[in-house]
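Report on the structure given below.
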Amino acid sequence: MSKKAAILGLAVIGFSAIPVYADSQSTNSSLKIGEVNLSINSTGTVLTKTQPSTGKWLGEQKFQSFGSMMWVPEHNVLFVAGVLEGGNKPVLLKIKGTGGGGQNMFALTPNGESAKGYNYRLGSQMMSVQNMTYEGKLLQIRSGPTTYQINNVGGGGNNMFALVNNTECKSMAGYNYFVQCIVK
């Protein structure tokens, strides 16, 4: 994954370098996050989590079609977009960290809900996503000709950006996640 910018903050005590990422970009192939690699297979149907040093399999999530993924380190969240196996609509998912392990590492139902007893999924938005970026405190998500601009990384639940009708370029009353839409 290419990063547009990385800022290193140096802690004077102990002379340790702590990376602080200024922004993130989406990818539709592979991503390295700390001690895990995430990669989509060539058919775009299986997202696999492995250990970078050994290649050991840690988990997978199945898709009918995969869109993209993006890591936002300052919020410890992974955004993953696509149509889940058994699902019928594209969904953008916000996952805590890199999820869990096993055959359903994000513990999701086909429609993008959390499987009973699990809490890796922080939120979802029913939309087809082609590209995502996170810059400072602004999340930008391109869905078709529309780019949604969202404060920080949005909220939680089934409409994590609190959009009217789940995709309309209007905020639901009482929420401030949505900034604006840019249509090209």
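Chain lettering (A, B, ...) mirrors the order of the structure tokens, residue numbering begins at 1 for each chain separately, and ligand numbering begins at 1 in order of display.
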Neighbours of range 124-133 of chain A within 8 Å (only C-alpha atoms; same-chain residues fewer than 3 positions away dropped), as a ChimeraX atom specification? /A:23-27,67-70,81-82,89-94,112-113,121,139-144,156-161,166-167
Nearby residues (only C-alpha atoms) at most 12 Å from range 175-177 of chain A, same-chain spacing under 6 positions excluded, as a list in words: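 Near range 175-177 of chain A, the qualifying residues are Lys137, Leu138, Leu139, Gln140, Tyr148, Gln149, Ile150, Asn151, Asn152, Val153, Gly154, Gly155, Gly156, Asn159, Met160, Phe161, Ala162, Leu163, Val164 and Cys169 of chain A.
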Excluding Glu85 in chain A and any residue of its chain fewer than 4 positions from it, enumerate the residues within 10 Å of it, using only C-alpha atoms, and give them as number ranges by chain. A: 45-46, 61-66, 108-112
Using DSSP secondary structure from the backbone, list all strand (DSSP E) positions within range 33-107 of chain A, as a PyMOL selection string. chain A and resi 33+36-40+46-50+57-72+77-84+91-96
Return the single residue from A:Pro52, A:Lys96, A:Gly102, A:Gly174 that is closest to Glu74 in chain A, with distances computed using only C-alpha atoms.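 Smallest distance to Glu74 in chain A is found for A:Lys96.
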Coordinates-based distance that separates CA of Gln51 in chain A from CA of Ile95 in chain A (Å, one decimal):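 Those two atoms sit 18.6 Å apart.
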Which residue gives the smallest distance to Thr50 in chain A among A:Ala173, A:Val183, A:Leu122, A:Val36, with only C-alpha atoms counted? A:Val36
Quick one: pull the distance between CA of Thr48 in chain A and CA of Val77 in chain A, Å, one decimal.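 Computed distance, CA of Thr48 in chain A to CA of Val77 in chain A, equals 17.0 Å.
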Atomic distance CA of Phe178 in chain A - CA of Trp71 in chain A, expressed in Å with one decimal: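 Taking CA of Phe178 in chain A as the start and CA of Trp71 in chain A as the end point, the length is 20.0 Å.
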Within 7 Å of Asn76 in chain A, counting only C-alpha atoms, which residues qualify if same-chain residues fewer than 3 places away don't, as a VMD selection string? chain A and resid 72 to 73 96 to 97
Output the selection as a JSON list (two decimals), in the first residue's frame - all heavy atoms for each residue.
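Result file follows (selection_31.json):
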[["chain", "number", "residue", "atom", "x", "y", "z"],
["A", 72, "VAL", "N", -7.03, 2.95, 8.93],
["A", 72, "VAL", "CA", -6.89, 4.29, 9.52],
["A", 72, "VAL", "C", -6.25, 4.08, 10.89],
["A", 72, "VAL", "O", -6.94, 3.81, 11.88],
["A", 72, "VAL", "CB", -8.25, 5.01, 9.62],
["A", 72, "VAL", "CG1", -8.06, 6.41, 10.21],
["A", 72, "VAL", "CG2", -8.92, 5.10, 8.26],
["A", 73, "PRO", "N", -4.91, 4.17, 10.96],
["A", 73, "PRO", "CA", -4.20, 3.83, 12.19],
["A", 73, "PRO", "C", -4.56, 4.68, 13.40],
["A", 73, "PRO", "O", -4.65, 4.16, 14.52],
["A", 73, "PRO", "CB", -2.72, 3.98, 11.82],
["A", 73, "PRO", "CG", -2.69, 4.80, 10.60],
["A", 73, "PRO", "CD", -3.99, 4.60, 9.90],
["A", 96, "LYS", "N", -13.19, -3.08, 13.89],
["A", 96, "LYS", "CA", -12.27, -2.77, 14.98],
["A", 96, "LYS", "C", -10.96, -3.51, 14.74],
["A", 96, "LYS", "O", -10.94, -4.74, 14.61],
["A", 96, "LYS", "CB", -12.86, -3.19, 16.32],
["A", 96, "LYS", "CG", -11.97, -2.83, 17.51],
["A", 96, "LYS", "CD", -12.40, -3.42, 18.84],
["A", 96, "LYS", "CE", -13.87, -3.45, 19.08],
["A", 96, "LYS", "NZ", -14.23, -4.02, 20.39],
["A", 97, "GLY", "N", -9.85, -2.78, 14.69],
["A", 97, "GLY", "CA", -8.54, -3.39, 14.45],
["A", 97, "GLY", "C", -8.55, -4.15, 13.14],
["A", 97, "GLY", "O", -8.98, -3.63, 12.12]]
